[in-house]
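**Q** Below: one structure in structure tokens.
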Amino acid sequence: MGDMRSIWKGSIAFGLVNVPVKVYSATEDHDIRFHQVHAKDGGRIKYNRVCSECGNTVQFADIDKAYDSEDGSRVILSDEDFNKLPAAEKHEIPVLEFVPNDQIDPILFEKSYFLEPDSASPKAYVLLSTVLTESDRTALVHFTLRQKTRLAAMRARDGVLVIQTLLWPDEVRAAEFPSLDDVEKPKAKELKMAQTLVESMAGDFDPTEFTDDYQLQLRQLLDEMIENGGKKVIPAAEVDQEGTDAEVVDLVAALQRSVDEAKSNASKAGSSKSTTPRKKRA
């Protein structure tokens, strides 16, 4: 699977058949990445996780999640609390039922994942993907990822099983637009003209015929700016010296605190050999 790394291991369960699988993220974003800088000098904008109570920057390890109820109560949950939920332990993809492909509204599709067989013999995997293809049906399954259980659709795509997590119906907003109420139906002549236009533009869907013009134009703009130089382009050598990323800074700060604590503990333990204070290194 190239350099793809599996994000989950488990097995599909349908009837008495168990199909061990590895799960991979099926999609990736090809958009050009930007980060925020100070317009005046191009310096990178850094975000610190600052506590509103004590004003200190908080390490990731010290961050928990909180829920605020309608009456204003705050409940703080740690990773341990989430792990107590029964769904968090599930490494099984149970098939609930097989439904006709056209009965799942595309608006419900969320994220896609590839499944790879994870056993010495992929026979059961191939059987499941073949039966899905030939029956024109999609398997509705429960899929637990990152401690969250979702309803998902599992189907075969060119012989490979694909899982697409589904939104719950109450996560899709109701589309109620008064401007569509009491609109008169199209006249037969108008409908016929529109159908003729549709037929004149009909074709089979081939996404490779289309290009992401915005990204191509953006890449061209960036290449031209780098080539021409100017105030808005900071040479690579200067960018490299800009400093480390926020995570590394946090780690350095944590190590520094550990060193300081070790020193203060040593001095408390009565190491009174040196009476002259040491100079701090820069």
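Residue names in the structure tokens use chain letters A, B, ... in the order shown, residue numbers from 1 in each chain, and ligand numbers from 1 in the order shown.
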Segment 18-193 of chain A: which residues are strand (DSSP E or B) by DSSP, as JSON, numbers by chain?
**A** {"A": [18, 19, 20, 21, 22, 23, 24, 25, 37, 44, 50, 57, 65, 66, 67, 68, 74, 75, 76, 77, 92, 93, 94, 95, 96, 97, 98, 99, 100, 109, 110, 111, 112, 113, 114, 115, 116, 117, 137, 138, 139, 140, 141, 142, 143, 144, 145, 148, 149, 150, 151, 152, 153, 154, 155, 156, 157, 160, 161, 162, 163, 164, 165, 166]}
**Q** I need the chosen residues saved as a tab-separated table (two decimals), in the first residue's frame, with C-alpha atoms.
**A**
chain	number	residue	atom	x	y	z
A	18	ASN	CA	-14.80	-13.17	10.78
A	19	VAL	CA	-12.66	-11.18	8.33
A	20	PRO	CA	-9.47	-9.67	9.86
A	21	VAL	CA	-8.65	-6.28	8.29
A	22	LYS	CA	-6.33	-3.28	8.50
A	23	VAL	CA	-7.90	0.16	8.04
A	24	TYR	CA	-6.31	3.01	6.06
A	25	SER	CA	-7.45	6.58	5.46
A	37	VAL	CA	2.61	35.28	9.65
A	44	ARG	CA	5.48	33.02	12.11
A	50	VAL	CA	-2.79	29.57	27.91
A	57	THR	CA	1.00	27.85	29.14
A	65	LYS	CA	-11.85	17.79	27.99
A	66	ALA	CA	-14.76	19.55	29.73
A	67	TYR	CA	-18.51	19.62	29.11
A	68	ASP	CA	-20.57	22.63	30.17
A	74	ARG	CA	-18.71	21.96	34.19
A	75	VAL	CA	-17.72	18.27	34.04
A	76	ILE	CA	-14.04	17.50	33.42
A	77	LEU	CA	-13.30	14.18	31.69
A	92	GLU	CA	-14.84	-5.39	15.56
A	93	ILE	CA	-16.86	-4.11	12.61
A	94	PRO	CA	-20.22	-5.86	13.01
A	95	VAL	CA	-22.44	-6.01	9.90
A	96	LEU	CA	-25.95	-4.93	10.90
A	97	GLU	CA	-27.75	-5.42	7.57
A	98	PHE	CA	-27.32	-5.27	3.79
A	99	VAL	CA	-29.25	-2.44	2.08
A	100	PRO	CA	-29.72	-1.46	-1.60
A	109	PHE	CA	-21.37	10.22	3.70
A	110	GLU	CA	-18.56	11.58	5.88
A	111	LYS	CA	-15.02	10.11	5.60
A	112	SER	CA	-13.72	7.15	3.57
A	113	TYR	CA	-11.39	4.33	4.64
A	114	PHE	CA	-9.83	1.42	2.74
A	115	LEU	CA	-9.79	-2.06	4.28
A	116	GLU	CA	-6.93	-4.45	3.55
A	117	PRO	CA	-7.14	-8.18	4.39
A	137	ARG	CA	-25.95	-3.85	-1.79
A	138	THR	CA	-24.07	-1.91	0.88
A	139	ALA	CA	-23.35	-3.36	4.31
A	140	LEU	CA	-24.39	-1.13	7.20
A	141	VAL	CA	-21.82	-1.57	9.98
A	142	HIS	CA	-20.77	-0.12	13.31
A	143	PHE	CA	-17.26	1.35	13.11
A	144	THR	CA	-15.40	2.54	16.20
A	145	LEU	CA	-12.49	4.89	15.57
A	148	LYS	CA	-16.22	7.10	18.86
A	149	THR	CA	-18.72	4.66	17.34
A	150	ARG	CA	-20.33	5.64	14.06
A	151	LEU	CA	-22.80	4.02	11.73
A	152	ALA	CA	-20.93	3.35	8.47
A	153	ALA	CA	-21.51	2.03	4.96
A	154	MET	CA	-19.19	-0.73	3.73
A	155	ARG	CA	-19.10	-1.40	0.00
A	156	ALA	CA	-16.80	-2.92	-2.60
A	157	ARG	CA	-14.85	-0.59	-4.93
A	160	VAL	CA	-11.38	-3.42	-2.33
A	161	LEU	CA	-13.67	-2.99	0.67
A	162	VAL	CA	-14.31	0.66	1.54
A	163	ILE	CA	-15.94	1.98	4.71
A	164	GLN	CA	-17.61	5.40	4.65
A	165	THR	CA	-18.67	6.77	8.00
A	166	LEU	CA	-22.21	8.16	7.99
**Q** Hey, can you check how far atom CA of Ala61 of chain A sits from atom CA of Asp260 of chain A?
**A**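 That distance, rounded to one decimal, is 19.6 Å.
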**Q** Hey, what does DSSP flag as helix (DSSP H, G or I) within segment 20-263 of chain A? Can you give it to me as an NGL selection string?
**A** :A and (60-62 or 79-83 or 86-89 or 101-103 or 106-108 or 123-135 or 169-171 or 178-180 or 188-200 or 207-209 or 213-228 or 236-240 or 246-263)
**Q** Could you please determine the separation between atom CA of Asp64 of chain A and atom CA of Trp8 of chain A in Å, to one decimal place?
**A**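 Going from atom CA of Asp64 of chain A over to atom CA of Trp8 of chain A covers 23.7 Å.
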**Q** Rank nothing, just name the residue among A:Leu197, A:Ser119, A:Val172, A:Ser129 nearest to Pro106 of chain A, using only C-alpha atoms.
**A** A:Val172
**Q** For atom CA of Ala26 of chain A and atom CA of Ile107 of chain A, quote the distance in Å rounded to one decimal.
**A**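 Distance reported for this atom pair: 18.3 Å.
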**Q** List the neighbours of Gln215 of chain A out to 12 Å using only C-alpha atoms; skip same-chain residues closer than 3 positions along the sequence, and give me the result as a ChimeraX atom specification.
**A** /A:29-33,211-212,218-222
**Q** Pick out the closest residue to Leu108 of chain A from this set: A:Asn83, A:Ser78, A:Leu128, A:Arg173. Count only C-alpha atoms.
**A**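 Of all the options, A:Arg173 lies closest to Leu108 of chain A.
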